[in-house]
Amino acid sequence: MSVIPLVFTSGWASGINAYAVVLLLGLFGATGVSDEVPAALQRTDVLIVAGVLFLCEAVADKIPYVDSVWDTAHTVIRPVAGAVVAALLAGESGSLPELAAGAIGGSTALMSHLVKAGTRMAVNTSPEPFSNIGMSVAEDLGVAGVITFALFNPVAAAVIAAVLLVLGIVTVLFLASRIRRFLRRRAQRREERRLAGTGSPKGGPWPPG
């Protein structure tokens with residue numbers, strides 16, 4: 001069977017939580033659950049690093065505004081991780097050139113990352129933190145479920161990932177006004193911090209009068 005469905009699914013999942021993808025695939029391979037996992041992902045050092053970074057993301061991803069900062073920092077990391085995982089999967093199966101697999105995995109990861117980042121911007125316009133926690137938990141469970149399913153039924157999992165990606169894009173377009181509101185608030189905060197750093201000294205306005 002072609003590895004394309006698994007490559008696509010891993011790319012979609014990497015755009016949401018790349019560390020969870022590496023950790024799950026590595027554990028499934030190391031425990032013998034699947035023979036499709038490349039040896040590079042089963043290495044102990046890779047699993048430890050992925051586990052630590054996954055815990056960091058699990059915390060940062062649930063804090064309002066911190067999650068958007070985290071997403072911004074991972075705009076490059078997640079697509080690159082998706083491309084690397086896809087290339088490793090293709091190299092293991094031998095059914096798809098690694099370069100093509102990397103392109104599929106990386107581009108899919110970038111699209112799902114942009115969907116996640118945009119959705120979080122919209123969620124962050126709400127003052128309460130519970131929506132962030134709910135979104136984060138749903139994303140983690142979704143990644144875990146789809147990746148696990150992909151190892152046993154890659155075609156069906158790829159269809160699910162594609163549907164979720166399309167629904168995510170539609171949702172971001174629907175929430176465009178809230179995303180713009182978030183960006184305006186962030187720009188306003190930056191301007192306030194800049195003015196505070198160059199503003200008047202304590203004791204009165206500057207210049208006087």
# chains A, B, ... in the order shown; residues from 1 in each chain; ligands from 1

call {"tool": "closest_atom_pairs", "arguments": {"of": "region 84-193 of chain A", "to": "region 7-22 of chain A", "cutoff": "9 Å", "atoms": "only C-alpha atoms", "output": "Markdown table"}}
result
| residue | atom | partner | partner_atom | distance |
| --- | --- | --- | --- | --- |
| A:Val85 | CA | A:Ser10 | CA | 7.3 |
| A:Ala86 | CA | A:Val7 | CA | 5.0 |
| A:Ala87 | CA | A:Val7 | CA | 8.1 |
| A:Leu89 | CA | A:Val7 | CA | 6.9 |
| A:Ala90 | CA | A:Val7 | CA | 7.5 |
| A:Ala101 | CA | A:Val7 | CA | 6.6 |
| A:Gly102 | CA | A:Val7 | CA | 8.4 |
| A:Ile104 | CA | A:Phe8 | CA | 6.5 |
| A:Gly105 | CA | A:Gly11 | CA | 4.1 |
| A:Gly106 | CA | A:Gly11 | CA | 6.2 |
| A:Ser107 | CA | A:Gly11 | CA | 7.6 |
| A:Thr108 | CA | A:Gly11 | CA | 5.2 |
| A:Ala109 | CA | A:Gly15 | CA | 3.9 |
| A:Leu110 | CA | A:Gly15 | CA | 5.9 |
| A:Met111 | CA | A:Gly15 | CA | 7.2 |
| A:Ser112 | CA | A:Gly15 | CA | 4.9 |
| A:His113 | CA | A:Gly15 | CA | 4.2 |
| A:Leu114 | CA | A:Gly15 | CA | 7.9 |
| A:Val115 | CA | A:Ile16 | CA | 8.7 |
| A:Lys116 | CA | A:Ile16 | CA | 6.4 |
| A:Ala117 | CA | A:Ile16 | CA | 8.9 |
| A:Glu139 | CA | A:Ile16 | CA | 7.1 |
| A:Asp140 | CA | A:Asn17 | CA | 7.3 |
| A:Gly142 | CA | A:Ala13 | CA | 8.4 |
| A:Val143 | CA | A:Ala13 | CA | 5.5 |
| A:Ala144 | CA | A:Ala20 | CA | 7.5 |
| A:Val146 | CA | A:Thr9 | CA | 7.6 |
| A:Ile147 | CA | A:Ser10 | CA | 6.8 |
| A:Ala150 | CA | A:Thr9 | CA | 7.1 |
| A:Pro154 | CA | A:Thr9 | CA | 7.8 |
| A:Ala157 | CA | A:Thr9 | CA | 6.7 |
| A:Ala158 | CA | A:Thr9 | CA | 5.1 |
| A:Val159 | CA | A:Thr9 | CA | 8.5 |
| A:Ile160 | CA | A:Thr9 | CA | 8.5 |
| A:Ala161 | CA | A:Thr9 | CA | 5.9 |
| A:Ala162 | CA | A:Thr9 | CA | 8.0 |
| A:Leu165 | CA | A:Trp12 | CA | 7.5 |

call {"tool": "closest_residue", "arguments": {"among": "A:Pro97, A:Gly29, A:Pro129, A:Gly118", "to": "Leu183 (chain A)", "atoms": "only C-alpha atoms"}}
result
A:Gly118

call {"tool": "atom_distance", "arguments": {"atom1": "CA of Ala138 (chain A)", "atom2": "CA of Leu6 (chain A)"}}
result
21.1 Å

call {"tool": "closest_atom_pairs", "arguments": {"of": "region 133-168 of chain A", "to": "region 65-74 of chain A", "cutoff": "12 Å", "atoms": "only C-alpha atoms", "output": "JSON lines"}}
result
{"residue": "A:Ile133", "atom": "CA", "partner": "A:Asp67", "partner_atom": "CA", "distance": 10.2}
{"residue": "A:Met135", "atom": "CA", "partner": "A:Asp67", "partner_atom": "CA", "distance": 10.8}
{"residue": "A:Ser136", "atom": "CA", "partner": "A:Asp67", "partner_atom": "CA", "distance": 9.3}

call {"tool": "write_last_selection", "arguments": {"atoms": "all heavy atoms", "output": "CSV table (one decimal), in the first residue's frame"}}
result
chain,number,residue,atom,x,y,z
A,133,ILE,N,-8.3,25.9,27.1
A,133,ILE,CA,-8.1,24.5,27.6
A,133,ILE,C,-8.8,23.5,26.9
A,133,ILE,O,-8.3,22.4,26.5
A,133,ILE,CB,-8.4,24.5,29.1
A,133,ILE,CG1,-7.5,25.4,29.9
A,133,ILE,CG2,-8.3,23.1,29.7
A,133,ILE,CD1,-7.9,25.6,31.4
A,135,MET,N,-10.0,23.7,23.7
A,135,MET,CA,-9.4,23.5,22.4
A,135,MET,C,-8.1,22.7,22.4
A,135,MET,O,-7.9,21.8,21.6
A,135,MET,CB,-9.1,24.9,21.8
A,135,MET,CG,-10.3,25.7,21.3
A,135,MET,SD,-11.1,24.9,19.9
A,135,MET,CE,-9.7,25.2,18.7
A,136,SER,N,-7.3,23.0,23.4
A,136,SER,CA,-6.0,22.3,23.5
A,136,SER,C,-6.2,20.8,23.7
A,136,SER,O,-5.6,19.9,23.1
A,136,SER,CB,-5.2,22.8,24.6
A,136,SER,OG,-3.9,22.2,24.7

call {"tool": "closest_residue", "arguments": {"among": "A:Ala81, A:Leu88, A:Val76, A:Leu27", "to": "Ala40 (chain A)", "atoms": "only C-alpha atoms"}}
result
A:Leu88

call {"tool": "atom_distance", "arguments": {"atom1": "CA of Val84 (chain A)", "atom2": "CA of Arg120 (chain A)"}}
result
25.3 Å

call {"tool": "select_by_dssp", "arguments": {"residues": "region 11-91 of chain A", "states": "helix (DSSP H, G or I)", "output": "number ranges by chain"}}
result
A: 11-30, 39-42, 44-60, 66-73, 77-91

call {"tool": "closest_residue", "arguments": {"among": "A:Asn153, A:Gln42, A:Asn132, A:Ser126", "to": "Arg178 (chain A)", "atoms": "only C-alpha atoms"}}
result
A:Ser126

call {"tool": "closest_residue", "arguments": {"among": "A:Ala83, A:Arg185, A:Phe54, A:Ala39", "to": "Leu99 (chain A)", "atoms": "only C-alpha atoms"}}
result
A:Ala83
